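Below is one structure, written out as C-alpha cells; the observations come after it.
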Amino acid sequence: MTASEPLLEIRDLKIRFQGEAGPLNILQGVDLKLLAGETVGLVGASGSGKSVTAQAILGLLKRPPLLEISGQILYEGSDLVTMSAGQLRQVRGRRIAYIFQEPMSALNPVFTVGEQIAEMVVLHEGLGRRSALNRAADLFAEVGLPDPRRRLNNYPHELSGGQRQRVMIAMALSCSPQILIADEPTTALDVTIQAQILRLLKRLQVERRMALLFITHDLRVMAEIADRLAVMQAGRIVEEAGIEALFHAPQHAYTRQLLTLIPGRGGGRVVP
C-alpha cells in the first residue's frame, strides 16, 4: 500500500433497518476514505447515520434491527462486509479499535479496569497475565491517569467520567491499532475535561501514527483535531473537504447551517 492509497475505504455503503412501520434506509450510498495517519471527522446531527457507519466498519450492528447491508468496507484491500465473524475478530481491537460514547455502558462493572485491559492484551497479543497487567499500567500512564499502577484495581464506578474515558482510550490502544474510531467520546464530559481528552487523542494519534475517524455532532471539536471533514445528512455524505476549506467556504447548505450553530464563529480557525 502506497502513502496515497486509503487504509480504509467505504464504497457505496447502504444499510436498511427494520423500523416499527417497516424497513428504513439508514445509509444511502456512503463513500469515505481514510488515509494512514490522517484524522477525519464525520459530522452531522443525531440520526444522520454517523454511528451506524462507524459500527458497520467493525460489524457491530445487530440483527435485528439490521435487515440488509451492501457495498464494500475495504481495509488494506479486504472487504470487512463479507468477512466471517472469526475473521472480523482478528481485525477488531487488533487492527481497528473503537472508543464508545459512554464508558459506563462499554466497561464491565464487575471487573477492575486493569483486568479488562489485560484480558484484551492476553486475547490478542498472547501475553501472560502479569505482563498484560504491566502493559495496562503503562497504557494508563500514557493516557495520563494519575497513579496508574493503583488504578489497575479500580472498578469503573470508582472513577470519574474523564478517568473512565481515559481507560477506554487505553483499552483501544492496548493492541496498537492502525485505525482508531472515536464515537462521540467527549459528549458526556464537561468542557474542560473535553478539551483535555481532545488534546490527548491528537497527541496519541500523532505519536502512534494512527488513522483517526472521529464521530461528532460538534464542529467546534473537529476544528481542533481534524485534517478533513465529511458532513452527513439523512444517511448520505453531502460535503467533504479539508478543515480550512470547509470552515471558510462551505459548499452545501446543510454545512452552512451547522456552521451557524457554532457560538462566536469568526474568520479564523474555531477554538472550542
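We label chains A, B, ... in the order they appear in the C-alpha cells, count residues from 1 in each chain, and number ligands from 1 in the order shown.
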
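Selecting strand (DSSP E or B) from the backbone DSSP output for stretch 140-215 of chain A yields Ile179, Leu180, Ile181, Ala182, Asp183, Ala211, Leu212, Leu213, Phe214 and Ile215 of chain A.
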
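The protein and nucleic acid residues lying at most 9 Å from stretch 123-125 of chain A are Gln90, Gly93, Arg94, Ala118, Glu119, Ala132 and Cys175 of chain A, with only C-alpha atoms considered and sequence neighbours fewer than 4 positions away removed.
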
Quiz prompt | Best match for closeness to A:His157 among A:Leu204, A:Ala45, A:Met104, A:Met171, counting only C-alpha atoms | solution = A:Met104

Quiz item: Neighbours of stretch 134-139 of chain A within 9 Å (only C-alpha atoms; same-chain residues fewer than 6 positions away dropped), as JSON, numbers by chain?
Solution: {"A": [113, 114, 115, 117, 118, 121, 145, 148, 149, 150, 151, 152, 167, 169, 170, 171, 173, 174]}

Give me a file of those residues, with N, CA and C atoms, as a compact mmCIF listing (two decimals), in the first residue's frame.
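The resulting part17.txt:
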```
# COMPACT_ATOMS: atom_id res chain seq x y z
N VAL A 113 -10.78 -2.23 36.03
CA VAL A 113 -10.40 -1.73 34.71
C VAL A 113 -9.07 -2.35 34.26
N GLY A 114 -8.18 -2.65 35.21
CA GLY A 114 -6.93 -3.30 34.85
C GLY A 114 -7.15 -4.68 34.27
N GLU A 115 -8.05 -5.45 34.87
CA GLU A 115 -8.35 -6.79 34.38
C GLU A 115 -8.97 -6.74 32.99
N ILE A 117 -8.51 -4.50 30.59
CA ILE A 117 -7.50 -4.23 29.58
C ILE A 117 -6.56 -5.43 29.43
N ALA A 118 -6.19 -6.03 30.55
CA ALA A 118 -5.31 -7.20 30.50
C ALA A 118 -5.94 -8.33 29.69
N VAL A 121 -5.33 -7.75 26.06
CA VAL A 121 -3.93 -7.98 25.69
C VAL A 121 -3.63 -9.48 25.65
N LEU A 145 -3.55 8.92 33.32
CA LEU A 145 -4.24 8.59 34.56
C LEU A 145 -3.27 8.72 35.73
N PRO A 148 -1.03 5.30 37.98
CA PRO A 148 -1.56 4.27 37.09
C PRO A 148 -1.53 2.86 37.65
N ARG A 149 -0.52 2.53 38.44
CA ARG A 149 -0.45 1.18 39.00
C ARG A 149 -1.64 0.92 39.94
N ARG A 150 -1.99 1.92 40.74
CA ARG A 150 -3.11 1.76 41.67
C ARG A 150 -4.44 1.70 40.92
N ARG A 151 -4.52 2.40 39.79
CA ARG A 151 -5.77 2.42 39.03
C ARG A 151 -6.14 1.04 38.48
N LEU A 152 -5.19 0.16 38.35
CA LEU A 152 -5.47 -1.18 37.86
C LEU A 152 -6.55 -1.86 38.69
N VAL A 167 -9.56 5.44 30.43
CA VAL A 167 -9.46 3.98 30.46
C VAL A 167 -9.90 3.39 29.12
N ILE A 169 -9.77 4.83 26.22
CA ILE A 169 -8.73 5.13 25.23
C ILE A 169 -7.56 4.16 25.41
N ALA A 170 -7.18 3.91 26.67
CA ALA A 170 -6.10 2.96 26.94
C ALA A 170 -6.46 1.57 26.42
N MET A 171 -7.70 1.16 26.62
CA MET A 171 -8.14 -0.15 26.13
C MET A 171 -8.07 -0.21 24.61
N LEU A 173 -6.09 1.39 22.70
CA LEU A 173 -4.70 1.42 22.26
C LEU A 173 -3.93 0.16 22.64
N SER A 174 -4.54 -0.73 23.41
CA SER A 174 -3.80 -1.83 24.03
C SER A 174 -3.13 -2.76 23.03
```

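With only C-alpha atoms as the atoms that count, the minimum distance from A:Tyr75 to the choices A:Gln178, A:Gln101, A:Thr39, A:Gln55 is reached by A:Gln178.
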
Do you have, as a tab-separated table, the list of residues of stretch 13-37 of chain A lying at most 6 Å from stretch 224-237 of chain A, each with its nearest atom pair and that distance in Å to one decimal, counting only C-alpha atoms and ordered by chain then number?
```
residue	atom	partner	partner_atom	distance
A:Ile26	CA	A:Gly235	CA	5.5
A:Leu27	CA	A:Gly235	CA	4.1
A:Gln28	CA	A:Gly235	CA	5.4
A:Val30	CA	A:Arg236	CA	5.7
```

Restricting the output to N, CA and C atoms, write the selected residues as a CSV table (one decimal), in the first residue's frame.
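See result35.csv below for the written result:
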```csv
chain,number,residue,atom,x,y,z
A,26,ILE,N,-31.2,3.5,6.3
A,26,ILE,CA,-30.4,4.3,7.2
A,26,ILE,C,-29.2,5.0,6.5
A,27,LEU,N,-28.5,4.2,5.7
A,27,LEU,CA,-27.4,4.7,4.9
A,27,LEU,C,-27.8,4.5,3.4
A,28,GLN,N,-27.5,5.6,2.6
A,28,GLN,CA,-28.0,5.6,1.3
A,28,GLN,C,-26.8,5.8,0.3
A,30,VAL,N,-23.0,5.5,1.1
A,30,VAL,CA,-21.9,6.3,1.7
A,30,VAL,C,-20.5,5.9,1.1
```

Self-check item: 10 Å contact set for A:Ile99, only C-alpha atoms, chain neighbours under 2 positions out, as a ChimeraX atom specification
Solution: /A:97,101-103,106,165-173,180-185,214

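One distance worth recording is that between atom CA of A:Gly59 and atom CA of A:Arg16, which is 14.3 Å.
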
Practice problem: Pick out the closest residue to A:Leu8 from this set: A:Asp190, A:Asp31, A:Glu142, A:Glu158. Count only C-alpha atoms. | Solution: A:Asp31

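The coordinates place atom CA of A:Leu34 at 10.6 Å from atom CA of A:Met210.
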
Self-check item: Nearby residues (only C-alpha atoms) at most 12 Å from stretch 243-250 of chain A, same-chain spacing under 4 positions excluded, as a ChimeraX atom specification
Solution: /A:39-43,219-231,238-239,254-260,262,265-270

Export C-alpha atoms of the chosen residues as a compact mmCIF listing (two decimals), in the first residue's frame?
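The resulting file, selection_8.txt, is reproduced below:
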```txt
# COMPACT_ATOMS: atom_id res chain seq x y z
CA THR A 39 -7.75 12.42 11.18
CA VAL A 40 -11.16 12.53 9.50
CA GLY A 41 -14.20 13.97 11.23
CA LEU A 42 -17.61 12.51 10.44
CA VAL A 43 -20.06 15.26 11.40
CA LEU A 219 -17.98 21.15 14.52
CA ARG A 220 -16.01 23.00 17.22
CA VAL A 221 -14.45 19.68 18.23
CA MET A 222 -13.36 18.99 14.67
CA ALA A 223 -11.75 22.41 14.33
CA GLU A 224 -9.25 21.32 16.97
CA ILE A 225 -8.08 17.97 15.63
CA ALA A 226 -9.34 17.07 12.13
CA ASP A 227 -7.46 17.20 8.83
CA ARG A 228 -10.60 16.63 6.78
CA LEU A 229 -14.35 16.65 7.38
CA ALA A 230 -17.20 14.62 5.95
CA VAL A 231 -20.66 16.05 6.66
CA VAL A 238 -23.30 15.74 1.48
CA GLU A 239 -19.94 17.50 1.64
CA TYR A 254 -26.58 21.91 5.43
CA THR A 255 -22.89 22.53 6.20
CA ARG A 256 -23.53 26.26 6.30
CA GLN A 257 -26.42 25.62 8.67
CA LEU A 258 -24.19 23.59 11.01
CA LEU A 259 -21.57 26.34 11.00
CA THR A 260 -24.12 28.92 12.11
CA ILE A 262 -21.07 27.49 16.47
CA ARG A 265 -17.52 31.84 14.89
CA GLY A 266 -15.11 34.37 13.40
CA GLY A 267 -12.87 34.49 10.37
CA GLY A 268 -10.18 32.15 11.72
CA ARG A 269 -9.95 28.62 12.98
CA VAL A 270 -12.59 27.87 15.58
```

Exercise. Between A:Asp147, A:Glu240, A:Glu5, A:Glu76, single out the one closest to A:Val91, counting only C-alpha atoms.
Key: A:Glu76

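Our summary of the geometry notes that atom CA of A:Arg129 is positioned 20.0 Å from atom CA of A:Pro156.
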
Exercise. Can you list, as a count of residues only, all residues belonging to stretch 119-175 of chain A that DSSP tags as alpha helix (DSSP H)?
Key: 38

Quiz prompt | Distance query A:Leu60 at most 12 Å, only C-alpha atoms, self and fewer than 2 positions along chain excluded, as a list of chain:residue names | solution = A:Ser51, A:Val52, A:Thr53, A:Ala54, A:Gln55, A:Ala56, A:Ile57, A:Leu58, A:Lys62, A:Arg63, A:Pro64, A:Pro65, A:Leu66, A:Leu80, A:Val81, A:Ala85, A:Leu88, A:Arg89, A:Arg92, A:Ala97, A:Tyr98, A:Phe100

Would you put the residues from that selection into a file with N, CA and C atoms, as a PDB file, in the first residue's frame?
```
ATOM      1  N   SER A  51     -22.926   7.134  13.550  1.00  0.00           N
ATOM      2  CA  SER A  51     -22.559   5.981  14.375  1.00  0.00           C
ATOM      3  C   SER A  51     -22.839   4.660  13.660  1.00  0.00           C
ATOM      4  N   VAL A  52     -23.903   4.620  12.868  1.00  0.00           N
ATOM      5  CA  VAL A  52     -24.195   3.408  12.098  1.00  0.00           C
ATOM      6  C   VAL A  52     -23.055   3.117  11.122  1.00  0.00           C
ATOM      7  N   THR A  53     -22.542   4.159  10.480  1.00  0.00           N
ATOM      8  CA  THR A  53     -21.402   3.994   9.578  1.00  0.00           C
ATOM      9  C   THR A  53     -20.200   3.443  10.331  1.00  0.00           C
ATOM     10  N   ALA A  54     -19.904   4.032  11.490  1.00  0.00           N
ATOM     11  CA  ALA A  54     -18.748   3.603  12.275  1.00  0.00           C
ATOM     12  C   ALA A  54     -18.904   2.170  12.760  1.00  0.00           C
ATOM     13  N   GLN A  55     -20.089   1.823  13.258  1.00  0.00           N
ATOM     14  CA  GLN A  55     -20.303   0.475  13.778  1.00  0.00           C
ATOM     15  C   GLN A  55     -20.299  -0.574  12.673  1.00  0.00           C
ATOM     16  N   ALA A  56     -20.722  -0.179  11.478  1.00  0.00           N
ATOM     17  CA  ALA A  56     -20.706  -1.113  10.350  1.00  0.00           C
ATOM     18  C   ALA A  56     -19.278  -1.533   9.997  1.00  0.00           C
ATOM     19  N   ILE A  57     -18.316  -0.640  10.211  1.00  0.00           N
ATOM     20  CA  ILE A  57     -16.920  -0.947   9.871  1.00  0.00           C
ATOM     21  C   ILE A  57     -16.448  -2.208  10.592  1.00  0.00           C
ATOM     22  N   LEU A  58     -16.836  -2.351  11.854  1.00  0.00           N
ATOM     23  CA  LEU A  58     -16.375  -3.485  12.658  1.00  0.00           C
ATOM     24  C   LEU A  58     -17.460  -4.539  12.870  1.00  0.00           C
ATOM     25  N   LYS A  62     -26.397  -5.176  15.020  1.00  0.00           N
ATOM     26  CA  LYS A  62     -27.079  -6.424  15.363  1.00  0.00           C
ATOM     27  C   LYS A  62     -28.305  -6.630  14.491  1.00  0.00           C
ATOM     28  N   ARG A  63     -28.611  -7.900  14.267  1.00  0.00           N
ATOM     29  CA  ARG A  63     -29.827  -8.283  13.547  1.00  0.00           C
ATOM     30  C   ARG A  63     -30.838  -8.846  14.544  1.00  0.00           C
ATOM     31  N   PRO A  64     -32.065  -8.357  14.643  1.00  0.00           N
ATOM     32  CA  PRO A  64     -32.475  -7.024  14.202  1.00  0.00           C
ATOM     33  C   PRO A  64     -31.850  -5.957  15.104  1.00  0.00           C
ATOM     34  N   PRO A  65     -31.905  -4.678  14.693  1.00  0.00           N
ATOM     35  CA  PRO A  65     -32.740  -4.090  13.629  1.00  0.00           C
ATOM     36  C   PRO A  65     -32.129  -4.174  12.229  1.00  0.00           C
ATOM     37  N   LEU A  66     -30.841  -4.576  12.107  1.00  0.00           N
ATOM     38  CA  LEU A  66     -30.234  -4.622  10.781  1.00  0.00           C
ATOM     39  C   LEU A  66     -30.967  -5.626   9.898  1.00  0.00           C
ATOM     40  N   LEU A  80     -14.465  -5.897   4.760  1.00  0.00           N
ATOM     41  CA  LEU A  80     -14.962  -6.228   6.082  1.00  0.00           C
ATOM     42  C   LEU A  80     -16.422  -6.667   6.059  1.00  0.00           C
ATOM     43  N   VAL A  81     -17.184  -6.221   5.061  1.00  0.00           N
ATOM     44  CA  VAL A  81     -18.601  -6.575   4.974  1.00  0.00           C
ATOM     45  C   VAL A  81     -18.782  -8.073   4.769  1.00  0.00           C
ATOM     46  N   ALA A  85     -17.364 -13.924  11.048  1.00  0.00           N
ATOM     47  CA  ALA A  85     -17.249 -13.404  12.412  1.00  0.00           C
ATOM     48  C   ALA A  85     -15.857 -13.651  12.968  1.00  0.00           C
ATOM     49  N   LEU A  88     -13.413 -11.158  11.414  1.00  0.00           N
ATOM     50  CA  LEU A  88     -13.610  -9.815  11.975  1.00  0.00           C
ATOM     51  C   LEU A  88     -13.000  -9.696  13.365  1.00  0.00           C
ATOM     52  N   ARG A  89     -13.061 -10.762  14.146  1.00  0.00           N
ATOM     53  CA  ARG A  89     -12.469 -10.717  15.489  1.00  0.00           C
ATOM     54  C   ARG A  89     -10.966 -10.495  15.430  1.00  0.00           C
ATOM     55  N   ARG A  92     -10.908  -6.606  14.709  1.00  0.00           N
ATOM     56  CA  ARG A  92     -11.498  -5.791  15.773  1.00  0.00           C
ATOM     57  C   ARG A  92     -10.588  -5.776  17.001  1.00  0.00           C
ATOM     58  N   ALA A  97      -9.620  -0.208  16.322  1.00  0.00           N
ATOM     59  CA  ALA A  97     -10.168  -0.134  17.677  1.00  0.00           C
ATOM     60  C   ALA A  97     -11.270   0.916  17.739  1.00  0.00           C
ATOM     61  N   TYR A  98     -12.144   0.777  18.745  1.00  0.00           N
ATOM     62  CA  TYR A  98     -13.345   1.595  18.832  1.00  0.00           C
ATOM     63  C   TYR A  98     -13.471   2.167  20.239  1.00  0.00           C
ATOM     64  N   PHE A 100     -16.191   3.977  22.545  1.00  0.00           N
ATOM     65  CA  PHE A 100     -17.627   4.229  22.583  1.00  0.00           C
ATOM     66  C   PHE A 100     -17.938   5.537  23.307  1.00  0.00           C
TER      67      PHE A 100
END
```

Quiz item: Which of these residues is nearest to A:Gly44, using only C-alpha atoms: A:Gly144, A:Ile73, A:Thr216, A:His252?
Solution: A:Thr216
